[in-house]
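Have a look at the structure below before the remarks.
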2 protein chains.
Amino acid sequence: MVSKKATVYDEFEASLLENPEIRKEYEALKPKYEMIQKLIERRNKLNMSQTQLAKIIGTKQPAISRLERGDYNTTLGTLFKVASALDMDLEISLKANGETKSTRDKVSA
Amino acid sequence: MVSKKATVYDEFEASLLENPEIRKEYEALKPKYEMIQKLIERRNKLNMSQTQLAKIIGTKQPAISRLERGDYNTTLGTLFKVASALDMDLEISLKANGETKSTRDKVSA
DNA sequence: TGACAATATAACATATATGTGATATATTAG
DNA sequence: CTAATATATCACATATATGTTATATTGTCA
């Protein structure tokens with residue numbers, strides 16, 4: 001299912017990642033693509049076509065294609081819709097960093 | 001800091017939740033509001049004003065106000081920007097439901 | 001090979017998220 | 001109370017996510 005181009009691409013990707021700026025962009029986008037990857041794999045596992053998924057969500061196939069190609073900035077609402085249609089659980093976790101500092105502040109007493 | 005209206009609202013909210021349809025909507029929106037609540041609490045803990053936060057992510061105070069009021073459907077991109085400006089870690093988890101079923105299917109043998 | 005299904009792409013319309021200034025309304029400090 | 005600061009609201013412009021049709025490309029199967 002995966003063409004041999006993958007090997008060539010891997011080399012290309014590796015060379016790109018030697019550039020710090022590109023690497024930073026890549027790291028930032030990685031979660032996005034991993035998420036999309038999960039959506040695609042799930043849809044395939046369910047033997048569902050883009051057209052079928054689109055119908056469930058109330059849109060058309062090209063919209064699903066764009067979403068899976070990751071060429072735009074999805075809304076939380078559509079993300080929930082897609083996850084729901086694929087019978088997936090979507091959770092968003094927000095955690096504050098560097099909270100241990102506050103403990104040290106109170107230690108003195 | 002919280003007005004006494006909260007008590008009145010709590011009763012109002014409780015009465016609304018007796019309606020199954022409204023309750024369903026509420027359950028669906030709950031994660032959204034919990035997320036927003038975390039963002040607001042974090043901003044306050046950092047003693048940061050909406051204006052300051054807005055400046056960091058390159059926008060204006062009213063945009064932050066709208067976001068915190070939850071009256072629209074945020075984009076993943078802006079969500080990441082805000083979380084980053086508040087030094088928070090944003091994680092999105094996608095899990096397929098009903099996977100335990102496959103186990104039972106294999107039990108018979 | 002040709003027919004068929006799935007996906008990608010292009011082009012455009014529409015809805016809406018976002019940017020932004022002006023202003024109103026808290027909220028707090030003095 | 002007044003002044004100052006923070007937040008909410010309004011109104012509008014702009015950017016872009018989404019809807020949608022037509023078509024191209026790809027992959028599979030006979």
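Each chain of the structure tokens is named A, B, ... in the order shown, its residues numbered from 1; ligands are numbered from 1 in display order.
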
_Contacts from chain C to chain A, 8 Å maximum, only C-alpha atoms (C1' of nucleotides): show me the residue list as an NGL selection string._
:C and (6-8)

_Contact set, chain D to chain A: 10 Å, only C-alpha atoms (C1' of nucleotides), as JSON, numbers by chain_ = {"D": [16, 17, 18, 19, 20, 27]}

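In terms of minimum interatomic distance to chain B, A:Met88 ranks closest within A:Leu53, A:Met88, A:Leu79, A:Leu46, counting only C-alpha atoms.
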
*Straight-line distance linking CA of Ile92 (chain B) with CA of Ile92 (chain A), stated in Å to one decimal*: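 Atom-to-atom, CA of Ile92 (chain B) and CA of Ile92 (chain A) are spaced 4.7 Å apart.
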
*Any idea what's packed within 12 Å of Lys32 (chain B), counting only C-alpha atoms (C1' of nucleotides), ignoring anything in its chain fewer than 3 positions away? Could you give it as a list in words?*
Leu76, Gly77, Phe80, Leu90, Glu91, Ile92, Ser93 and Leu94 of chain A; Glu25, Tyr26, Glu27, Ala28, Leu29, Met35, Ile36, Gln37, Lys38, Leu39, Leu67, Glu68, Arg69, Gly70, Asp71, Tyr72, Asn73, Thr74 and Leu79 of chain B
